[in-house]
Amino acid sequence: MKHLQLFLAFFRVGILGYGGGPSSIPLVHKEVVDKYKWMNDDEFADVLALGNTLPGPIATKMAGYIGYRVAGILGLINATLSTIIPTIILMIVLLTTISSVKDYPWVQGMTAAVVPVVGVMLATLTWDFFKKSQKSLGWLKSLILIVISFFLMEVFGLHPAILIGVLLLAAIIKKDKDPKTERKIERGNAS
């Protein structure tokens with residue numbers, strides 16, 4: 001049953017993820033977190049962050065990891081193939097027919113209409129991540145990180161993977177300075 005669910009979830013992502021990886025992320029989130037509950041929002045955010053630091057298409061990397069987590073090696077193969085098969089089929093079909101209809105206004109209108117929809121999907125996902133970050137970091141730290149990240153990536157041209165890698169490394173290195181946590185750890189070691 002899990003293999004069928006994996007296939008259907010990532011096939012839907014592959015067939016509806018118009019516009020590439022970034023437009024697929026909200027669809028993956030909907031399937032993995034909301035529908036099948038294979039992971040929670042925090043785990044999904046971790047997979048997304050790590051996936052962005054690695055080379056290659058984000059949708060297939062996420063499908064591979066989530067498939068492996070849900071059903072092992074066969075789940076990895078199942079989820080990855082079900083993500084890319086719709087694209088392969090559609091590319092073959094569309095490339096053979098698109099050249100004859102690409103100049104029609106309805107085709108150009110359809111292509112133009114998809115861009116704002118993908119923008120809204122990404123904005124919704126961004127807002128969800130921002131709300132989650134303010135819960136753990138607070139509004140001020142979240143806003144400061146957003147502004148700094150924006151300037152580093154857009155003004156100075158820093159690659160997002162480098163920024164994500166540095167932030168992940170900083171999170172790993174940072175020691176918890178909460179006295180309550182330190183006391184709990186000490187009590188746990190003493191018993």
# chains A, B, ... in the order shown; residues from 1 in each chain; ligands from 1
$ closest_atom_pairs --of "range 16-132 of chain A" --to "range 2-5 of chain A" --cutoff "10 Å" --atoms "only C-alpha atoms" --output "Markdown table"
| residue | atom | partner | partner_atom | distance |
| --- | --- | --- | --- | --- |
| A:Glu31 | CA | A:Gln5 | CA | 9.6 |
| A:Tyr36 | CA | A:Gln5 | CA | 8.1 |
| A:Gly67 | CA | A:His3 | CA | 8.6 |
| A:Val70 | CA | A:Lys2 | CA | 7.5 |
| A:Ala71 | CA | A:Lys2 | CA | 7.0 |
| A:Leu74 | CA | A:His3 | CA | 8.2 |
| A:Gly75 | CA | A:His3 | CA | 6.4 |
| A:Leu76 | CA | A:His3 | CA | 9.8 |
| A:Asn78 | CA | A:His3 | CA | 7.0 |
| A:Ala79 | CA | A:His3 | CA | 8.3 |
$ residues_around --residues "range 102-119 of chain A" --least-positions-apart "6" --cutoff "12 Å" --atoms "only C-alpha atoms" --output "PDB file with all heavy atoms, in the first residue's frame"
ATOM      1  N   LEU A  16       1.857  17.659 -12.064  1.00  0.00           N
ATOM      2  CA  LEU A  16       1.318  18.994 -11.790  1.00  0.00           C
ATOM      3  C   LEU A  16       2.386  20.033 -11.488  1.00  0.00           C
ATOM      4  O   LEU A  16       2.076  21.225 -11.393  1.00  0.00           O
ATOM      5  CB  LEU A  16       0.334  18.933 -10.613  1.00  0.00           C
ATOM      6  CG  LEU A  16      -0.878  18.031 -10.815  1.00  0.00           C
ATOM      7  CD1 LEU A  16      -1.682  17.933  -9.531  1.00  0.00           C
ATOM      8  CD2 LEU A  16      -1.733  18.547 -11.964  1.00  0.00           C
ATOM      9  N   GLY A  17       3.627  19.614 -11.348  1.00  0.00           N
ATOM     10  CA  GLY A  17       4.704  20.544 -10.990  1.00  0.00           C
ATOM     11  C   GLY A  17       5.186  21.355 -12.177  1.00  0.00           C
ATOM     12  O   GLY A  17       6.350  21.270 -12.557  1.00  0.00           O
ATOM     13  N   TYR A  18       4.310  22.128 -12.758  1.00  0.00           N
ATOM     14  CA  TYR A  18       4.620  22.936 -13.928  1.00  0.00           C
ATOM     15  C   TYR A  18       5.579  24.055 -13.546  1.00  0.00           C
ATOM     16  O   TYR A  18       5.319  24.821 -12.649  1.00  0.00           O
ATOM     17  CB  TYR A  18       3.314  23.539 -14.479  1.00  0.00           C
ATOM     18  CG  TYR A  18       3.469  24.251 -15.794  1.00  0.00           C
ATOM     19  CD1 TYR A  18       3.297  23.584 -16.989  1.00  0.00           C
ATOM     20  CD2 TYR A  18       3.796  25.587 -15.826  1.00  0.00           C
ATOM     21  CE1 TYR A  18       3.434  24.236 -18.192  1.00  0.00           C
ATOM     22  CE2 TYR A  18       3.944  26.254 -17.023  1.00  0.00           C
ATOM     23  CZ  TYR A  18       3.754  25.574 -18.199  1.00  0.00           C
ATOM     24  OH  TYR A  18       3.900  26.220 -19.385  1.00  0.00           O
ATOM     25  N   GLY A  19       6.706  24.116 -14.218  1.00  0.00           N
ATOM     26  CA  GLY A  19       7.650  25.199 -13.967  1.00  0.00           C
ATOM     27  C   GLY A  19       8.919  24.747 -13.272  1.00  0.00           C
ATOM     28  O   GLY A  19       9.764  25.558 -12.928  1.00  0.00           O
ATOM     29  N   GLY A  20       9.060  23.472 -13.020  1.00  0.00           N
ATOM     30  CA  GLY A  20      10.304  22.988 -12.438  1.00  0.00           C
ATOM     31  C   GLY A  20      10.226  22.763 -10.947  1.00  0.00           C
ATOM     32  O   GLY A  20       9.159  22.791 -10.340  1.00  0.00           O
ATOM     33  N   GLY A  21      11.418  22.571 -10.366  1.00  0.00           N
ATOM     34  CA  GLY A  21      11.542  22.207  -8.963  1.00  0.00           C
ATOM     35  C   GLY A  21      10.866  23.133  -7.976  1.00  0.00           C
ATOM     36  O   GLY A  21      10.090  22.679  -7.139  1.00  0.00           O
ATOM     37  N   PRO A  22      11.129  24.447  -8.037  1.00  0.00           N
ATOM     38  CA  PRO A  22      10.523  25.331  -7.038  1.00  0.00           C
ATOM     39  C   PRO A  22       8.997  25.276  -7.023  1.00  0.00           C
ATOM     40  O   PRO A  22       8.390  25.356  -5.966  1.00  0.00           O
ATOM     41  CB  PRO A  22      11.012  26.723  -7.451  1.00  0.00           C
ATOM     42  CG  PRO A  22      12.300  26.465  -8.148  1.00  0.00           C
ATOM     43  CD  PRO A  22      12.102  25.150  -8.870  1.00  0.00           C
ATOM     44  N   SER A  23       8.376  25.091  -8.179  1.00  0.00           N
ATOM     45  CA  SER A  23       6.922  25.011  -8.196  1.00  0.00           C
ATOM     46  C   SER A  23       6.434  23.660  -7.671  1.00  0.00           C
ATOM     47  O   SER A  23       5.277  23.526  -7.293  1.00  0.00           O
ATOM     48  CB  SER A  23       6.387  25.247  -9.608  1.00  0.00           C
ATOM     49  OG  SER A  23       6.814  24.224 -10.470  1.00  0.00           O
ATOM     50  N   SER A  24       7.310  22.668  -7.636  1.00  0.00           N
ATOM     51  CA  SER A  24       6.935  21.343  -7.132  1.00  0.00           C
ATOM     52  C   SER A  24       6.971  21.273  -5.612  1.00  0.00           C
ATOM     53  O   SER A  24       6.298  20.428  -5.025  1.00  0.00           O
ATOM     54  CB  SER A  24       7.881  20.282  -7.688  1.00  0.00           C
ATOM     55  OG  SER A  24       7.821  20.240  -9.076  1.00  0.00           O
ATOM     56  N   ILE A  25       7.750  22.124  -4.981  1.00  0.00           N
ATOM     57  CA  ILE A  25       7.941  22.047  -3.530  1.00  0.00           C
ATOM     58  C   ILE A  25       6.615  22.142  -2.770  1.00  0.00           C
ATOM     59  O   ILE A  25       6.351  21.325  -1.886  1.00  0.00           O
ATOM     60  CB  ILE A  25       8.966  23.086  -3.057  1.00  0.00           C
ATOM     61  CG1 ILE A  25      10.336  22.721  -3.623  1.00  0.00           C
ATOM     62  CG2 ILE A  25       9.005  23.170  -1.541  1.00  0.00           C
ATOM     63  CD1 ILE A  25      11.376  23.807  -3.473  1.00  0.00           C
ATOM     64  N   PRO A  26       5.737  23.120  -3.073  1.00  0.00           N
ATOM     65  CA  PRO A  26       4.458  23.136  -2.351  1.00  0.00           C
ATOM     66  C   PRO A  26       3.619  21.886  -2.596  1.00  0.00           C
ATOM     67  O   PRO A  26       2.895  21.436  -1.706  1.00  0.00           O
ATOM     68  CB  PRO A  26       3.748  24.380  -2.911  1.00  0.00           C
ATOM     69  CG  PRO A  26       4.826  25.232  -3.469  1.00  0.00           C
ATOM     70  CD  PRO A  26       5.886  24.291  -3.941  1.00  0.00           C
ATOM     71  N   LEU A  27       3.728  21.309  -3.789  1.00  0.00           N
ATOM     72  CA  LEU A  27       2.984  20.082  -4.082  1.00  0.00           C
ATOM     73  C   LEU A  27       3.527  18.904  -3.271  1.00  0.00           C
ATOM     74  O   LEU A  27       2.752  18.093  -2.742  1.00  0.00           O
ATOM     75  CB  LEU A  27       3.057  19.769  -5.579  1.00  0.00           C
ATOM     76  CG  LEU A  27       2.469  20.829  -6.512  1.00  0.00           C
ATOM     77  CD1 LEU A  27       2.802  20.507  -7.960  1.00  0.00           C
ATOM     78  CD2 LEU A  27       0.974  20.944  -6.318  1.00  0.00           C
ATOM     79  N   LEU A  94       4.828  16.784 -25.896  1.00  0.00           N
ATOM     80  CA  LEU A  94       4.750  18.222 -26.152  1.00  0.00           C
ATOM     81  C   LEU A  94       5.754  18.705 -27.187  1.00  0.00           C
ATOM     82  O   LEU A  94       5.436  19.571 -28.002  1.00  0.00           O
ATOM     83  CB  LEU A  94       4.914  18.999 -24.850  1.00  0.00           C
ATOM     84  CG  LEU A  94       3.744  18.894 -23.879  1.00  0.00           C
ATOM     85  CD1 LEU A  94       4.062  19.613 -22.577  1.00  0.00           C
ATOM     86  CD2 LEU A  94       2.479  19.457 -24.495  1.00  0.00           C
ATOM     87  N   LEU A  95       6.962  18.183 -27.144  1.00  0.00           N
ATOM     88  CA  LEU A  95       7.959  18.638 -28.110  1.00  0.00           C
ATOM     89  C   LEU A  95       7.594  18.258 -29.537  1.00  0.00           C
ATOM     90  O   LEU A  95       7.982  18.948 -30.484  1.00  0.00           O
ATOM     91  CB  LEU A  95       9.344  18.101 -27.756  1.00  0.00           C
ATOM     92  CG  LEU A  95      10.008  18.796 -26.572  1.00  0.00           C
ATOM     93  CD1 LEU A  95      11.338  18.137 -26.242  1.00  0.00           C
ATOM     94  CD2 LEU A  95      10.192  20.280 -26.827  1.00  0.00           C
ATOM     95  N   THR A  96       6.832  17.188 -29.679  1.00  0.00           N
ATOM     96  CA  THR A  96       6.421  16.820 -31.030  1.00  0.00           C
ATOM     97  C   THR A  96       5.272  17.680 -31.533  1.00  0.00           C
ATOM     98  O   THR A  96       5.090  17.822 -32.739  1.00  0.00           O
ATOM     99  CB  THR A  96       6.007  15.335 -31.096  1.00  0.00           C
ATOM    100  OG1 THR A  96       4.961  15.103 -30.166  1.00  0.00           O
ATOM    101  CG2 THR A  96       7.178  14.430 -30.792  1.00  0.00           C
ATOM    102  N   LEU A 125       4.117  29.054   0.614  1.00  0.00           N
ATOM    103  CA  LEU A 125       5.101  28.214   1.286  1.00  0.00           C
ATOM    104  C   LEU A 125       6.113  29.074   2.052  1.00  0.00           C
ATOM    105  O   LEU A 125       6.473  28.757   3.188  1.00  0.00           O
ATOM    106  CB  LEU A 125       5.813  27.322   0.273  1.00  0.00           C
ATOM    107  CG  LEU A 125       6.706  26.229   0.839  1.00  0.00           C
ATOM    108  CD1 LEU A 125       5.898  25.250   1.682  1.00  0.00           C
ATOM    109  CD2 LEU A 125       7.405  25.492  -0.281  1.00  0.00           C
ATOM    110  N   THR A 126       6.525  30.185   1.445  1.00  0.00           N
ATOM    111  CA  THR A 126       7.457  31.097   2.113  1.00  0.00           C
ATOM    112  C   THR A 126       6.837  31.656   3.391  1.00  0.00           C
ATOM    113  O   THR A 126       7.496  31.727   4.436  1.00  0.00           O
ATOM    114  CB  THR A 126       7.851  32.250   1.161  1.00  0.00           C
ATOM    115  OG1 THR A 126       8.441  31.697  -0.009  1.00  0.00           O
ATOM    116  CG2 THR A 126       8.808  33.219   1.822  1.00  0.00           C
TER     117      THR A 126
END
$ atom_distance --atom1 "CA of Pro86 in chain A" --atom2 "CA of Ile98 in chain A"
16.7 Å
$ residues_around --residues "Phe10 in chain A" --least-positions-apart "6" --cutoff "7 Å" --atoms "only C-alpha atoms" --output "ChimeraX atom specification"
/A:63,79,82-83
$ write_last_selection --atoms "N, CA, C and O atoms" --output "PDB file, in the first residue's frame"
ATOM      1  N   ALA A  63      12.089  13.459  -3.566  1.00  0.00           N
ATOM      2  CA  ALA A  63      11.362  12.201  -3.805  1.00  0.00           C
ATOM      3  C   ALA A  63      12.224  11.019  -3.385  1.00  0.00           C
ATOM      4  O   ALA A  63      11.729  10.085  -2.737  1.00  0.00           O
ATOM      5  N   ALA A  79       9.538   6.386  -5.838  1.00  0.00           N
ATOM      6  CA  ALA A  79       9.237   7.819  -5.753  1.00  0.00           C
ATOM      7  C   ALA A  79      10.011   8.610  -6.802  1.00  0.00           C
ATOM      8  O   ALA A  79       9.463   9.527  -7.427  1.00  0.00           O
ATOM      9  N   SER A  82       8.499   7.831 -10.273  1.00  0.00           N
ATOM     10  CA  SER A  82       7.162   8.410 -10.437  1.00  0.00           C
ATOM     11  C   SER A  82       7.209   9.931 -10.532  1.00  0.00           C
ATOM     12  O   SER A  82       6.279  10.547 -11.048  1.00  0.00           O
ATOM     13  N   THR A  83       8.299  10.540 -10.081  1.00  0.00           N
ATOM     14  CA  THR A  83       8.466  11.985 -10.235  1.00  0.00           C
ATOM     15  C   THR A  83       8.920  12.344 -11.644  1.00  0.00           C
ATOM     16  O   THR A  83       8.463  13.334 -12.207  1.00  0.00           O
TER      17      THR A  83
END
$ closest_residue --among "A:Ala123, A:Ile92, A:Ala161, A:Ile15" --to "Leu48 in chain A" --atoms "only C-alpha atoms"
A:Ala161
$ closest_residue --among "A:Ala9, A:Thr80, A:Leu145, A:Ser133" --to "Asp34 in chain A" --atoms "only C-alpha atoms"
A:Ala9
$ residues_around --residues "Ile148 in chain A" --least-positions-apart "6" --cutoff "12 Å" --atoms "only C-alpha atoms" --output "ChimeraX atom specification"
/A:141-142,154-156,158,163,167
